[in-house]
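Asks: Dropping in final_5.tsv, with TSV, C-alpha atoms.
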chain	number	residue	atom	x	y	z
T	1	MET	CA	13.74	-71.79	-6.07
T	2	ASP	CA	12.62	-73.26	-9.36
T	3	PHE	CA	12.05	-70.70	-12.11
T	4	LYS	CA	10.37	-71.29	-15.42
T	5	ARG	CA	10.38	-69.07	-18.47
T	6	ILE	CA	6.99	-67.84	-19.66
T	7	ASP	CA	6.82	-66.53	-23.22
T	8	PHE	CA	3.86	-64.44	-24.32
T	9	THR	CA	2.50	-62.27	-27.11
T	10	SER	CA	1.48	-58.72	-26.23
T	11	ARG	CA	-2.15	-57.85	-26.86
T	12	ILE	CA	-1.01	-54.27	-27.47
T	13	ASP	CA	1.11	-54.76	-30.57
T	14	GLY	CA	1.79	-58.49	-30.96
T	15	LYS	CA	5.35	-58.18	-29.68
T	16	GLN	CA	6.90	-61.33	-28.25
T	17	ASP	CA	8.32	-61.06	-24.75
T	18	TRP	CA	9.05	-63.24	-21.74
T	19	MET	CA	9.59	-63.43	-18.00
T	20	MET	CA	11.09	-65.75	-15.40
T	21	VAL	CA	8.60	-66.93	-12.77
T	22	HIS	CA	8.74	-68.90	-9.53
T	23	ASP	CA	5.24	-69.70	-8.26
T	24	ALA	CA	5.23	-70.61	-4.57
T	25	GLY	CA	1.51	-71.33	-4.65
T	26	PRO	CA	-1.82	-69.52	-4.33
T	27	SER	CA	-1.26	-68.52	-0.69
T	28	SER	CA	2.06	-66.76	-1.36
T	29	ASP	CA	2.82	-63.07	-1.62
T	30	THR	CA	4.80	-62.04	-4.70
T	31	VAL	CA	7.83	-59.86	-5.36
T	32	LEU	CA	8.54	-58.38	-8.78
T	33	SER	CA	12.20	-58.00	-9.75
T	34	LEU	CA	12.65	-55.51	-12.59
T	35	HIS	CA	16.01	-55.55	-14.37
T	36	GLY	CA	18.29	-52.61	-15.00
T	37	HIS	CA	19.32	-50.96	-18.26
T	38	GLY	CA	21.31	-53.35	-20.45
T	39	SER	CA	20.06	-56.46	-18.65
T	40	HIS	CA	17.13	-58.78	-19.27
T	41	GLY	CA	14.43	-60.75	-17.50
T	42	ASP	CA	16.97	-63.24	-16.18
T	43	GLN	CA	19.02	-60.61	-14.33
T	44	LEU	CA	17.91	-61.97	-10.96
T	45	LEU	CA	19.37	-65.37	-11.87
T	46	VAL	CA	22.60	-64.39	-13.63
T	47	ARG	CA	23.92	-61.45	-11.62
T	48	ALA	CA	25.54	-62.41	-8.35
T	49	ASP	CA	24.58	-59.14	-6.66
T	50	MET	CA	20.94	-59.95	-7.45
T	51	SER	CA	20.81	-63.72	-7.00
T	52	MET	CA	22.24	-63.30	-3.51
T	53	HIS	CA	18.76	-62.11	-2.47
T	54	ILE	CA	16.95	-65.25	-3.62
T	55	PRO	CA	17.44	-67.01	-0.24
T	56	LEU	CA	15.73	-64.07	1.47
T	57	MET	CA	12.81	-64.28	-0.94
T	58	GLU	CA	12.61	-68.00	-0.28
T	59	SER	CA	12.69	-67.48	3.49
T	60	PHE	CA	9.55	-65.34	3.17
T	61	GLY	CA	7.85	-67.98	1.01
T	62	LEU	CA	7.49	-65.52	-1.86
T	63	SER	CA	6.58	-66.11	-5.45
T	64	VAL	CA	8.91	-64.19	-7.78
T	65	ILE	CA	8.27	-62.58	-11.16
T	66	SER	CA	11.20	-61.24	-13.17
T	67	PRO	CA	9.81	-59.75	-16.40
T	68	ASN	CA	11.89	-58.77	-19.41
T	69	TYR	CA	9.52	-55.84	-20.08
T	70	ARG	CA	10.85	-55.15	-23.59
T	71	ASP	CA	14.54	-54.92	-22.70
T	72	ASN	CA	15.60	-51.25	-22.32
T	73	SER	CA	12.05	-49.92	-22.35
T	74	TRP	CA	12.25	-47.83	-19.18
T	75	MET	CA	8.74	-49.16	-18.44
T	76	SER	CA	7.21	-47.77	-21.61
T	77	VAL	CA	3.47	-47.57	-22.14
T	78	PRO	CA	3.30	-51.00	-23.85
T	79	ALA	CA	5.52	-52.51	-21.15
T	80	VAL	CA	3.10	-51.29	-18.47
T	81	ALA	CA	0.16	-52.79	-20.36
T	82	ASP	CA	1.90	-56.16	-20.78
T	83	LEU	CA	2.78	-56.40	-17.09
T	84	ALA	CA	-0.66	-55.22	-15.96
T	85	ASP	CA	-2.32	-57.92	-18.07
T	86	PHE	CA	-0.16	-60.61	-16.51
T	87	LEU	CA	-0.58	-59.38	-12.94
T	88	ALA	CA	-4.36	-59.12	-13.25
T	89	GLU	CA	-4.45	-62.84	-14.04
T	90	TRP	CA	-1.82	-63.55	-11.38
T	91	LYS	CA	-3.99	-61.94	-8.72
T	92	ASP	CA	-6.87	-64.22	-9.69
T	93	ALA	CA	-4.59	-67.22	-9.11
T	94	HIS	CA	-3.30	-65.78	-5.79
T	95	PRO	CA	-6.46	-64.33	-4.25
T	96	GLY	CA	-6.03	-61.86	-1.44
T	97	ARG	CA	-2.23	-61.95	-1.62
T	98	ARG	CA	0.12	-58.99	-1.89
T	99	ILE	CA	2.43	-57.96	-4.73
T	100	PHE	CA	5.59	-55.94	-4.08
T	101	ILE	CA	8.22	-54.49	-6.41
T	102	VAL	CA	11.82	-54.11	-5.22
T	103	SER	CA	14.24	-53.07	-7.97
T	104	GLY	CA	17.08	-50.69	-8.79
T	105	SER	CA	18.11	-48.16	-11.44
T	106	MET	CA	15.92	-48.61	-14.55
T	107	GLY	CA	14.11	-51.27	-12.53
T	108	GLY	CA	13.53	-48.83	-9.69
T	109	THR	CA	12.26	-46.26	-12.17
T	110	GLY	CA	9.94	-48.87	-13.63
T	111	ALA	CA	8.76	-49.83	-10.16
T	112	LEU	CA	7.65	-46.28	-9.42
T	113	ILE	CA	6.07	-45.85	-12.85
T	114	PHE	CA	4.16	-49.11	-12.73
T	115	ALA	CA	2.96	-48.57	-9.16
T	116	MET	CA	1.80	-45.07	-10.10
T	117	ARG	CA	-0.03	-46.36	-13.19
T	118	HIS	CA	-1.57	-49.37	-11.42
T	119	PRO	CA	-1.81	-48.78	-7.66
T	120	GLU	CA	-4.59	-51.37	-7.53
T	121	LEU	CA	-2.06	-54.09	-8.40
T	122	ILE	CA	0.89	-53.14	-6.17
T	123	ASP	CA	1.05	-53.31	-2.37
T	124	GLY	CA	4.50	-51.85	-1.80
T	125	VAL	CA	7.56	-50.47	-3.62
T	126	GLY	CA	11.26	-50.55	-2.90
T	127	ALA	CA	13.02	-48.25	-5.41
T	128	LEU	CA	16.82	-48.31	-5.32
T	129	GLY	CA	18.25	-45.39	-7.29
T	130	ALA	CA	15.50	-44.31	-9.68
T	131	ALA	CA	14.44	-41.51	-12.00
T	132	THR	CA	11.13	-39.81	-11.32
T	133	ASP	CA	10.62	-37.64	-14.43
T	134	LEU	CA	11.86	-39.33	-17.61
T	135	ARG	CA	11.65	-36.24	-19.84
T	136	ARG	CA	13.80	-34.34	-17.35
T	137	TYR	CA	16.19	-37.25	-16.93
T	138	ALA	CA	16.57	-37.86	-20.68
T	139	ALA	CA	17.43	-34.17	-21.13
T	140	TRP	CA	20.00	-34.45	-18.32
T	141	CYS	CA	21.56	-37.45	-20.10
T	142	ARG	CA	22.36	-35.27	-23.12
T	143	ASN	CA	24.89	-33.36	-21.03
T	144	PHE	CA	27.34	-36.28	-20.96
T	145	PRO	CA	28.09	-37.22	-24.59
T	146	GLU	CA	31.45	-38.81	-23.72
T	147	HIS	CA	30.15	-41.00	-20.88
T	148	PHE	CA	30.19	-44.75	-21.56
T	149	VAL	CA	26.49	-45.36	-20.80
T	150	ILE	CA	24.58	-42.15	-19.98
T	151	PRO	CA	24.01	-41.13	-23.64
T	152	GLU	CA	22.81	-44.67	-24.40
T	153	ILE	CA	20.29	-44.43	-21.56
T	154	GLY	CA	18.99	-41.11	-22.85
T	155	GLN	CA	18.64	-42.51	-26.36
T	156	ALA	CA	16.80	-45.58	-25.05
T	157	ILE	CA	14.30	-43.40	-23.17
T	158	GLU	CA	13.73	-41.18	-26.20
T	159	ALA	CA	13.22	-44.27	-28.38
T	160	ALA	CA	10.63	-45.68	-25.95
T	161	TYR	CA	8.64	-42.47	-25.32
T	162	THR	CA	6.87	-39.93	-27.49
T	163	GLY	CA	4.70	-36.87	-26.82
T	164	ASP	CA	2.38	-37.06	-23.86
T	165	GLU	CA	3.68	-40.50	-22.86
T	166	TYR	CA	6.33	-38.65	-20.85
T	167	GLU	CA	3.62	-36.91	-18.83
T	168	LEU	CA	1.61	-40.12	-18.45
T	169	HIS	CA	4.65	-41.77	-16.80
T	170	ASN	CA	5.87	-38.73	-14.88
T	171	VAL	CA	5.95	-40.00	-11.29
T	172	CYS	CA	6.36	-36.51	-9.86
T	173	LEU	CA	3.33	-35.29	-11.78
T	174	HIS	CA	1.15	-38.17	-10.56
T	175	ALA	CA	2.69	-38.77	-7.14
T	176	ASP	CA	-0.76	-38.81	-5.52
T	177	ARG	CA	-1.28	-42.23	-7.12
T	178	LEU	CA	1.52	-43.71	-5.01
T	179	THR	CA	-0.86	-44.80	-2.28
T	180	MET	CA	1.07	-47.89	-1.19
T	181	PRO	CA	4.20	-47.94	1.03
T	182	VAL	CA	7.13	-46.56	-0.97
T	183	LEU	CA	10.68	-47.05	0.31
T	184	TYR	CA	13.05	-45.03	-1.86
T	185	TYR	CA	16.82	-45.35	-1.51
T	186	HIS	CA	19.24	-43.22	-3.53
T	187	GLY	CA	23.00	-42.69	-3.50
T	188	ASP	CA	23.96	-39.23	-2.31
T	189	GLN	CA	26.79	-39.14	-4.89
T	190	ASP	CA	24.93	-40.86	-7.75
T	191	GLN	CA	26.47	-39.82	-11.08
T	192	LEU	CA	24.25	-42.02	-13.27
T	193	ILE	CA	20.80	-40.97	-12.04
T	194	PRO	CA	21.21	-37.67	-10.18
T	195	THR	CA	20.14	-37.45	-6.57
T	196	SER	CA	17.94	-34.53	-7.56
T	197	GLU	CA	15.53	-37.07	-9.08
T	198	ALA	CA	14.94	-38.53	-5.62
T	199	LEU	CA	14.79	-35.17	-3.89
T	200	ALA	CA	12.17	-33.89	-6.33
T	201	LEU	CA	9.78	-36.72	-5.48
T	202	ALA	CA	10.59	-36.51	-1.77
T	203	GLU	CA	9.59	-32.84	-1.76
T	204	ILE	CA	6.24	-33.69	-3.32
T	205	MET	CA	5.67	-36.61	-0.94
T	206	LYS	CA	6.76	-34.67	2.16
T	207	GLY	CA	4.61	-35.48	5.17
T	208	ARG	CA	3.00	-38.56	3.64
T	209	PRO	CA	3.41	-41.48	6.04
T	210	ASN	CA	3.61	-44.06	3.24
T	211	PHE	CA	6.81	-42.55	1.75
T	212	THR	CA	10.39	-42.75	3.03
T	213	LEU	CA	13.54	-41.50	1.32
T	214	THR	CA	16.90	-42.83	2.50
T	215	LEU	CA	20.06	-41.31	1.02
T	216	THR	CA	22.88	-43.83	1.05
T	217	PRO	CA	26.54	-42.73	1.10
T	218	GLY	CA	28.04	-43.42	-2.30
T	219	GLY	CA	27.28	-43.67	-5.97
T	220	HIS	CA	24.66	-45.27	-8.16
T	221	ASP	CA	25.10	-48.81	-6.88
T	222	SER	CA	25.17	-47.92	-3.18
T	223	PRO	CA	21.39	-48.37	-2.64
T	224	LEU	CA	21.56	-51.98	-3.90
T	225	ALA	CA	22.80	-53.00	-0.48
T	226	CYS	CA	19.43	-51.86	0.88
T	227	TYR	CA	17.52	-54.54	-0.99
T	228	PRO	CA	17.13	-56.80	2.09
T	229	ASP	CA	15.99	-53.85	4.19
T	230	ALA	CA	13.37	-52.84	1.63
T	231	LEU	CA	12.01	-56.33	1.06
T	232	THR	CA	11.91	-57.17	4.76
T	233	LYS	CA	10.07	-53.97	5.68
T	234	LEU	CA	7.52	-54.45	2.91
T	235	VAL	CA	6.83	-58.11	3.70
T	236	LYS	CA	6.63	-57.59	7.45
T	237	GLY	CA	4.56	-54.44	7.06
Could you quickly redo this structure as structure tokens?
Replies:
Amino acid sequence: MDFKRIDFTSRIDGKQDWMMVHDAGPSSDTVLSLHGHGSHGDQLLVRADMSMHIPLMESFGLSVISPNYRDNSWMSVPAVADLADFLAEWKDAHPGRRIFIVSGSMGGTGALIFAMRHPELIDGVGALGAATDLRRYAAWCRNFPEHFVIPEIGQAIEAAYTGDEYELHNVCLHADRLTMPVLYYHGDQDQLIPTSEALALAEIMKGRPNFTLTLTPGGHDSPLACYPDALTKLVKG
């Protein structure tokens, strides 16, 4: 796959940002790859546990978009607006084609948030170890001041969100907007994003045929092995 970097200026606040894009043509479906906390828009290309999935994407003839979405933004309100602007134009260039998001950790959280905010743009979600209520999760992060990354995550969320923005991006609160297929995988021993985040959304979505929760044995990274399963199920419908 050939990727090119696209730099742009946000219409929201003039911030400069960028993404890596492989365009397989106007007849291709698209998969969004959202990076995790501490990574950037090139995560798909530089991390071996991510780039290993590129051949699968290629086998499905997919276009790929890997946005930077403001670094550790946890899909903030401006990050949603930036991505929505780009995808609205992308859909015009790929008429009638589907857009999926398959991502983990902060990327999985962002996948759920963006799909909830813009269900008209997203045709399926694969979330691999995600938070579903950022105010609740940020408060949980304060309980681990000595951990090497959890306090940093909490601080990043609190820097990206203020006031009612938490409610606007609360996936549990707006779960009815997840109208597309949602495949949610979460480690049953996750110590970075607690399993309770997954169970809370699963309880709300109980009985809805478009939602599936799979608990994987292990910690935070254990759902990453489910990436091929998620992408294949979404593409093949």
Asks: Which of these, T:Asp85, T:Ser51, T:His35, T:Asp188, has the shortest distance to Phe8 in chain T once you count all atoms listed in the file?
Replies: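 Smallest distance to Phe8 in chain T is found for T:Asp85.
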Asks: So that I can check the surroundings of Asp29 in chain T, please list as a count of residues only every protein, DNA and RNA residue that reaches within 12 Å of it, counting only C-alpha atoms and ignoring chain neighbours fewer than 2 positions away.
Replies: 35
Asks: Would you compute the distance between CA of Met20 in chain T and CA of Thr179 in chain T? Give it in Å to one decimal.
Replies: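 The value is 27.5 Å.
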Asks: So that I can check the surroundings of His118 in chain T, please list as a list in words every protein, DNA and RNA residue that reaches within 10 Å of it, counting only C-alpha atoms and ignoring chain neighbours fewer than 6 positions away.
Replies: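 Skipping anything fewer than 6 positions along the chain leaves Val80, Ala81, Ala84, Leu112, Arg177 and Leu178 of chain T.
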Asks: Please work out which residues fall within 8 Å of (12.7, -43.8, -0.4), coordinates as given in the file, with only C-alpha atoms counting, and return them as a ChimeraX atom specification.
Replies: /T:126-128,182-186,198,202,211-215
Asks: For Met106 in chain T, which residue out of T:Ala230, T:Ala130, T:Leu224, T:Val21 is the nearest one, using all atoms listed in the file?
Replies: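 Smallest distance to Met106 in chain T is found for T:Ala130.
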Asks: Calculated over all atoms listed in the file, which of the candidates T:Trp74, T:Trp140, T:Tyr161, T:Phe3 has the smallest distance to Gly107 in chain T?
Replies: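 Residue with the minimum atom-to-atom distance to Gly107 in chain T: T:Trp74.
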Asks: For CA of Val171 in chain T and CA of Ile113 in chain T, quote the distance in Å rounded to one decimal.
Replies: 6.1 Å
Asks: One decimal, in Å: what's the spacing between CA of Gly237 in chain T and CA of Met75 in chain T?
Replies: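 Interatomic distance here is 26.4 Å.
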Asks: Counting only C-alpha atoms, what is within 12 Å of Pro194 in chain T, bar same-chain residues fewer than 5 positions away, as a count of residues only?
Replies: 22
Asks: Tell me which of T:Gly36, T:Pro151, T:Pro217, T:Gly207 sits closest to Val102 in chain T, counting all atoms listed in the file.
Replies: T:Gly36
Asks: Let me make sure I understand: among T:Asn210, T:Ser76, T:Ser10, T:Thr216, which one has the smallest atom-to-atom distance to Thr162 in chain T if we use all atoms listed in the file?
Replies: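 So, comparing all the options, the nearest one is T:Ser76.
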Asks: Given the choices T:Ser33, T:Ser28, T:Ser222, T:Ser39, which gets closest to Pro67 in chain T if the distance is worked out from all atoms listed in the file?
Replies: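 Answer, going by the shortest atom-to-atom distance: T:Ser33.
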